[in-house]
Amino acid sequence: MKPNHNEVLTPELKVKLSKIKHVALDMDGTIYLGSTLFPFTKAFLAEMTKQGIGYSFLTNNPSKSIADYLKKLEGLGIEADDENMYTTSLAAIDYIKTHYPEARRLFMLGTPSMVSQFEKAGFEPCTDSPDDVPDVLVVAFDMTLEYSRLCRAAWWASQGIPYIATNPDRVCPTDQKVVLVDCGSMCKCIEHATGRCPDITLGKPDPNMLSGICQRMNLEPSQIAMVGDRIYTDIAMAHNAGAFGVLVL
């Protein structure tokens, strides 16, 4: 017998759902896994559009620029533009410009695609040299990581340089038979070597990404549903921002 979903919705839950005007979607593990689009994704997005509910794609993975993410989505058959995207790279850029307005030179552990996003925003990457002192250290999910650069990042952390982590994820979801060591684990490596933690860790569960959507769309947090596959990032951010959290398994 097919369940009647209305029977399991409490009056309180119905009221909360009736307020939703925008859906913030985690990407990897929620609408696709690695390079595989989930079979329900397109139908879900079409239904949201039909119901007049907007949607944005949020990701803690800063390894790709906005342009590269849009290209990936296009390759999967999903139409999106800059207004649909918010990544931890953008969150870090916004944070640095707000809290360190004079900062221009950054030492970054990140992919070339991510670095290009920072360069587009007016920042200059520092080289792996003790003489090239950065204004800010940025550690991100870096699949192109070189050991010497990890050691240099640890050095700048030990020297008291302002230190920002893009996201807290320990691993990145993948459909391959490998563990993708993510930013949170890299920061733990630096902490173990130097005793220093990041000054701030952006991305989910930090509420800034949802706050950005609220400002863009002129919405209240209670009008946004945050959908994701991780309690400690996606659902925690919904809680921290006062939004409605939806966990997919």
# chains A, B, ... in the order shown; residues from 1 in each chain; ligands from 1
$ residues_around --residues "Phe57 of chain A" --least-positions-apart "4" --cutoff "6 Å" --atoms "only C-alpha atoms" --output "NGL selection string"
:A and (24-26 or 84-85)
$ residues_around --residues "segment 156-163 of chain A" --least-positions-apart "4" --cutoff "7 Å" --atoms "only C-alpha atoms" --output "PyMOL selection string"
chain A and resi 135-138+152+194+196+198-199
$ write_last_selection --atoms "C-alpha atoms" --output "compact mmCIF listing (two decimals), in the first residue's frame"
# COMPACT_ATOMS: atom_id res chain seq x y z
CA ASP A 135 48.48 38.77 3.64
CA VAL A 136 46.20 35.78 4.25
CA LEU A 137 46.59 31.98 4.20
CA VAL A 138 43.71 30.13 2.52
CA ARG A 152 54.75 26.16 3.37
CA THR A 194 51.86 23.61 14.29
CA ARG A 196 47.21 26.20 15.07
CA PRO A 198 42.08 28.14 11.20
CA ASP A 199 40.88 31.53 12.45
$ residues_around --residues "Thr111 of chain A" --least-positions-apart "6" --cutoff "12 Å" --atoms "only C-alpha atoms" --output "list in words"
Asn61, Pro62, Ser63, Lys64, Ser65, Asp68, Ser89, Gln117, Phe118, Pro125, Val138, Val139, Ala140, Phe141, Asp142, Met143, Thr144, Leu145, Glu146 and Cys183 of chain A
$ write_last_selection --atoms "all heavy atoms" --output "compact mmCIF listing (two decimals), in the first residue's frame"
# COMPACT_ATOMS: atom_id res chain seq x y z
N ASN A 61 32.57 22.34 -1.74
CA ASN A 61 33.73 21.97 -2.54
C ASN A 61 34.21 23.17 -3.36
O ASN A 61 33.55 23.56 -4.34
CB ASN A 61 33.37 20.80 -3.47
CG ASN A 61 34.55 20.25 -4.22
OD1 ASN A 61 35.57 20.92 -4.38
ND2 ASN A 61 34.43 19.03 -4.71
N PRO A 62 35.36 23.77 -2.99
CA PRO A 62 35.83 24.95 -3.71
C PRO A 62 36.80 24.63 -4.84
O PRO A 62 37.44 25.52 -5.37
CB PRO A 62 36.56 25.73 -2.60
CG PRO A 62 37.18 24.63 -1.78
CD PRO A 62 36.22 23.45 -1.84
N SER A 63 36.92 23.34 -5.20
CA SER A 63 37.96 22.95 -6.15
C SER A 63 37.70 23.45 -7.57
O SER A 63 38.61 23.50 -8.38
CB SER A 63 38.13 21.43 -6.16
OG SER A 63 36.94 20.79 -6.61
N LYS A 64 36.45 23.83 -7.87
CA LYS A 64 36.11 24.34 -9.19
C LYS A 64 35.65 25.80 -9.10
O LYS A 64 35.03 26.20 -8.12
CB LYS A 64 35.02 23.50 -9.85
CG LYS A 64 35.41 22.07 -10.18
CD LYS A 64 34.26 21.35 -10.86
CE LYS A 64 34.66 19.94 -11.28
NZ LYS A 64 34.98 19.08 -10.14
N SER A 65 35.94 26.57 -10.13
CA SER A 65 35.43 27.92 -10.23
C SER A 65 33.94 27.87 -10.56
O SER A 65 33.41 26.81 -10.94
CB SER A 65 36.17 28.71 -11.31
OG SER A 65 35.90 28.15 -12.59
N ASP A 68 33.48 26.64 -14.04
CA ASP A 68 33.67 25.20 -14.19
C ASP A 68 32.48 24.41 -13.64
O ASP A 68 32.09 23.38 -14.19
CB ASP A 68 34.96 24.76 -13.50
CG ASP A 68 36.20 25.12 -14.30
OD1 ASP A 68 36.06 25.40 -15.50
OD2 ASP A 68 37.30 25.12 -13.73
N SER A 89 34.42 29.16 -2.18
CA SER A 89 35.39 30.11 -2.73
C SER A 89 34.83 31.52 -2.67
O SER A 89 35.50 32.46 -2.23
CB SER A 89 35.74 29.77 -4.18
OG SER A 89 36.46 28.57 -4.26
N GLN A 117 39.42 31.69 -9.54
CA GLN A 117 38.26 32.42 -9.00
C GLN A 117 38.75 33.57 -8.12
O GLN A 117 38.19 34.67 -8.16
CB GLN A 117 37.38 31.47 -8.19
CG GLN A 117 36.05 32.05 -7.77
CD GLN A 117 35.05 32.12 -8.92
OE1 GLN A 117 34.82 31.15 -9.63
NE2 GLN A 117 34.45 33.28 -9.12
N PHE A 118 39.79 33.33 -7.32
CA PHE A 118 40.36 34.39 -6.48
C PHE A 118 41.05 35.45 -7.32
O PHE A 118 40.96 36.64 -7.03
CB PHE A 118 41.34 33.79 -5.47
CG PHE A 118 40.68 33.17 -4.28
CD1 PHE A 118 40.17 31.88 -4.34
CD2 PHE A 118 40.56 33.86 -3.09
CE1 PHE A 118 39.54 31.30 -3.24
CE2 PHE A 118 39.95 33.30 -1.98
CZ PHE A 118 39.43 32.01 -2.06
N PRO A 125 48.07 35.21 -6.16
CA PRO A 125 48.61 34.06 -5.42
C PRO A 125 50.09 34.21 -5.14
O PRO A 125 50.86 34.67 -5.99
CB PRO A 125 48.35 32.89 -6.37
CG PRO A 125 48.31 33.50 -7.73
CD PRO A 125 47.75 34.89 -7.56
N VAL A 138 44.99 30.76 2.83
CA VAL A 138 43.71 30.13 2.52
C VAL A 138 43.96 28.65 2.25
O VAL A 138 44.72 28.29 1.35
CB VAL A 138 43.03 30.76 1.29
CG1 VAL A 138 41.73 30.03 0.97
CG2 VAL A 138 42.77 32.24 1.52
N VAL A 139 43.33 27.79 3.03
CA VAL A 139 43.44 26.35 2.82
C VAL A 139 42.10 25.82 2.36
O VAL A 139 41.06 26.09 2.98
CB VAL A 139 43.89 25.63 4.11
CG1 VAL A 139 43.89 24.11 3.91
CG2 VAL A 139 45.29 26.10 4.50
N ALA A 140 42.11 25.08 1.26
CA ALA A 140 40.89 24.56 0.65
C ALA A 140 41.08 23.10 0.27
O ALA A 140 42.16 22.52 0.47
CB ALA A 140 40.52 25.39 -0.58
N PHE A 141 40.05 22.50 -0.29
CA PHE A 141 40.14 21.14 -0.83
C PHE A 141 41.01 21.20 -2.07
O PHE A 141 40.67 21.83 -3.06
CB PHE A 141 38.73 20.65 -1.16
CG PHE A 141 38.67 19.31 -1.83
CD1 PHE A 141 39.49 18.27 -1.42
CD2 PHE A 141 37.77 19.08 -2.86
CE1 PHE A 141 39.42 17.03 -2.03
CE2 PHE A 141 37.68 17.84 -3.48
CZ PHE A 141 38.51 16.81 -3.06
N ASP A 142 42.17 20.54 -2.00
CA ASP A 142 43.16 20.67 -3.07
C ASP A 142 43.56 19.30 -3.58
O ASP A 142 44.39 18.60 -2.99
CB ASP A 142 44.39 21.43 -2.55
CG ASP A 142 45.39 21.74 -3.66
OD1 ASP A 142 45.10 21.40 -4.83
OD2 ASP A 142 46.44 22.32 -3.36
N MET A 143 42.99 18.90 -4.73
CA MET A 143 43.33 17.62 -5.34
C MET A 143 44.64 17.68 -6.11
O MET A 143 45.09 16.66 -6.64
CB MET A 143 42.18 17.19 -6.26
CG MET A 143 40.90 16.88 -5.51
SD MET A 143 39.52 16.49 -6.62
CE MET A 143 39.21 18.10 -7.35
N THR A 144 45.25 18.87 -6.17
CA THR A 144 46.55 19.02 -6.83
C THR A 144 47.65 19.29 -5.79
O THR A 144 48.71 19.80 -6.14
CB THR A 144 46.50 20.18 -7.85
OG1 THR A 144 46.22 21.41 -7.15
CG2 THR A 144 45.41 19.95 -8.88
N LEU A 145 47.38 18.94 -4.55
CA LEU A 145 48.27 19.27 -3.44
C LEU A 145 49.69 18.75 -3.63
O LEU A 145 49.89 17.59 -3.97
CB LEU A 145 47.69 18.71 -2.14
CG LEU A 145 48.48 18.98 -0.86
CD1 LEU A 145 48.52 20.47 -0.55
CD2 LEU A 145 47.89 18.19 0.30
N GLU A 146 50.66 19.63 -3.41
CA GLU A 146 52.07 19.27 -3.39
C GLU A 146 52.58 19.34 -1.96
O GLU A 146 52.24 20.26 -1.22
CB GLU A 146 52.87 20.22 -4.28
CG GLU A 146 52.49 20.17 -5.75
CD GLU A 146 53.26 21.19 -6.57
OE1 GLU A 146 54.07 21.94 -5.97
OE2 GLU A 146 53.07 21.24 -7.79
N CYS A 183 39.32 19.35 2.89
CA CYS A 183 39.93 20.49 3.57
C CYS A 183 40.05 20.29 5.08
O CYS A 183 41.08 20.62 5.67
CB CYS A 183 39.11 21.74 3.27
SG CYS A 183 39.72 23.25 4.04
$ select_by_dssp --residues "segment 99-160 of chain A" --states "strand (DSSP E or B)" --output "list in words"
Arg105, Leu106, Phe107, Met108, Leu109, Glu124, Pro125, Val136, Leu137, Val138 and Val139 of chain A
$ write_last_selection --atoms "N, CA, C and O atoms" --output "JSON list (two decimals), in the first residue's frame"
[["chain", "number", "residue", "atom", "x", "y", "z"],
["A", 105, "ARG", "N", 47.48, 39.70, -1.43],
["A", 105, "ARG", "CA", 48.32, 38.55, -1.74],
["A", 105, "ARG", "C", 47.97, 37.38, -0.82],
["A", 105, "ARG", "O", 47.97, 37.52, 0.40],
["A", 106, "LEU", "N", 47.68, 36.24, -1.44],
["A", 106, "LEU", "CA", 47.22, 35.07, -0.69],
["A", 106, "LEU", "C", 48.11, 33.87, -0.97],
["A", 106, "LEU", "O", 48.48, 33.63, -2.13],
["A", 107, "PHE", "N", 48.44, 33.11, 0.09],
["A", 107, "PHE", "CA", 49.02, 31.80, -0.14],
["A", 107, "PHE", "C", 47.88, 30.81, -0.05],
["A", 107, "PHE", "O", 47.21, 30.71, 0.98],
["A", 108, "MET", "N", 47.66, 30.07, -1.13],
["A", 108, "MET", "CA", 46.48, 29.20, -1.21],
["A", 108, "MET", "C", 46.86, 27.75, -1.47],
["A", 108, "MET", "O", 47.67, 27.45, -2.34],
["A", 109, "LEU", "N", 46.26, 26.86, -0.68],
["A", 109, "LEU", "CA", 46.24, 25.45, -1.03],
["A", 109, "LEU", "C", 44.91, 25.23, -1.72],
["A", 109, "LEU", "O", 43.85, 25.21, -1.09],
["A", 124, "GLU", "N", 46.09, 38.06, -5.68],
["A", 124, "GLU", "CA", 47.29, 37.54, -6.33],
["A", 124, "GLU", "C", 47.84, 36.36, -5.52],
["A", 124, "GLU", "O", 48.04, 36.48, -4.31],
["A", 125, "PRO", "N", 48.07, 35.21, -6.16],
["A", 125, "PRO", "CA", 48.61, 34.06, -5.42],
["A", 125, "PRO", "C", 50.09, 34.21, -5.14],
["A", 125, "PRO", "O", 50.86, 34.67, -5.99],
["A", 136, "VAL", "N", 47.14, 36.76, 3.68],
["A", 136, "VAL", "CA", 46.20, 35.78, 4.25],
["A", 136, "VAL", "C", 46.57, 34.39, 3.72],
["A", 136, "VAL", "O", 46.95, 34.24, 2.55],
["A", 137, "LEU", "N", 46.44, 33.38, 4.58],
["A", 137, "LEU", "CA", 46.59, 31.98, 4.20],
["A", 137, "LEU", "C", 45.21, 31.38, 3.99],
["A", 137, "LEU", "O", 44.35, 31.49, 4.86],
["A", 138, "VAL", "N", 44.99, 30.76, 2.83],
["A", 138, "VAL", "CA", 43.71, 30.13, 2.52],
["A", 138, "VAL", "C", 43.96, 28.65, 2.25],
["A", 138, "VAL", "O", 44.72, 28.29, 1.35],
["A", 139, "VAL", "N", 43.33, 27.79, 3.03],
["A", 139, "VAL", "CA", 43.44, 26.35, 2.82],
["A", 139, "VAL", "C", 42.10, 25.82, 2.36],
["A", 139, "VAL", "O", 41.06, 26.09, 2.98]]
$ atom_distance --atom1 "atom CA of Ala241 of chain A" --atom2 "atom CA of Leu9 of chain A"
23.0 Å
$ select_by_dssp --residues "segment 137-169 of chain A" --states "alpha helix (DSSP H)" --output "PyMOL selection string"
chain A and resi 147-158
$ closest_residue --among "A:Ser185, A:Thr30, A:Ser18, A:Thr127" --to "Val246 of chain A" --atoms "only C-alpha atoms"
A:Thr30
$ residues_around --residues "Ala243 of chain A" --least-positions-apart "4" --cutoff "12 Å" --atoms "only C-alpha atoms" --output "PyMOL selection string"
chain A and resi 16-17+19-24+205+207+209-211+213-214+219-227+234-239
$ write_last_selection --atoms "C-alpha atoms" --output "mmCIF file, in the first residue's frame"
data_model
loop_
_atom_site.group_PDB
_atom_site.id
_atom_site.type_symbol
_atom_site.label_atom_id
_atom_site.label_comp_id
_atom_site.auth_asym_id
_atom_site.auth_seq_id
_atom_site.Cartn_x
_atom_site.Cartn_y
_atom_site.Cartn_z
ATOM 1 C CA LYS A 16 6.768 25.358 7.949
ATOM 2 C CA LEU A 17 6.628 23.767 4.491
ATOM 3 C CA LYS A 19 6.450 29.079 3.820
ATOM 4 C CA ILE A 20 9.154 27.649 1.528
ATOM 5 C CA LYS A 21 9.868 29.818 -1.514
ATOM 6 C CA HIS A 22 13.417 28.723 -2.312
ATOM 7 C CA VAL A 23 15.379 25.471 -2.132
ATOM 8 C CA ALA A 24 19.128 25.541 -1.484
ATOM 9 C CA PRO A 205 27.703 24.664 8.639
ATOM 10 C CA PRO A 207 25.347 30.218 7.966
ATOM 11 C CA MET A 209 26.088 30.948 2.471
ATOM 12 C CA LEU A 210 22.369 30.879 3.282
ATOM 13 C CA SER A 211 22.539 34.484 4.464
ATOM 14 C CA ILE A 213 20.914 33.695 -0.647
ATOM 15 C CA CYS A 214 18.526 35.569 1.655
ATOM 16 C CA LEU A 219 13.906 36.147 1.590
ATOM 17 C CA GLU A 220 13.704 35.253 5.254
ATOM 18 C CA PRO A 221 15.603 32.144 6.463
ATOM 19 C CA SER A 222 12.292 30.407 7.225
ATOM 20 C CA GLN A 223 11.435 30.656 3.510
ATOM 21 C CA ILE A 224 14.438 28.545 2.488
ATOM 22 C CA ALA A 225 14.764 24.762 2.590
ATOM 23 C CA MET A 226 18.377 23.544 2.762
ATOM 24 C CA VAL A 227 18.656 20.071 1.218
ATOM 25 C CA ASP A 234 24.096 20.833 5.420
ATOM 26 C CA ILE A 235 21.577 20.306 8.208
ATOM 27 C CA ALA A 236 23.742 22.072 10.787
ATOM 28 C CA MET A 237 23.878 25.119 8.499
ATOM 29 C CA ALA A 238 20.090 25.105 8.142
ATOM 30 C CA HIS A 239 19.825 25.039 11.934
#
$ atom_distance --atom1 "atom CA of Gly75 of chain A" --atom2 "atom CA of Leu202 of chain A"
28.1 Å
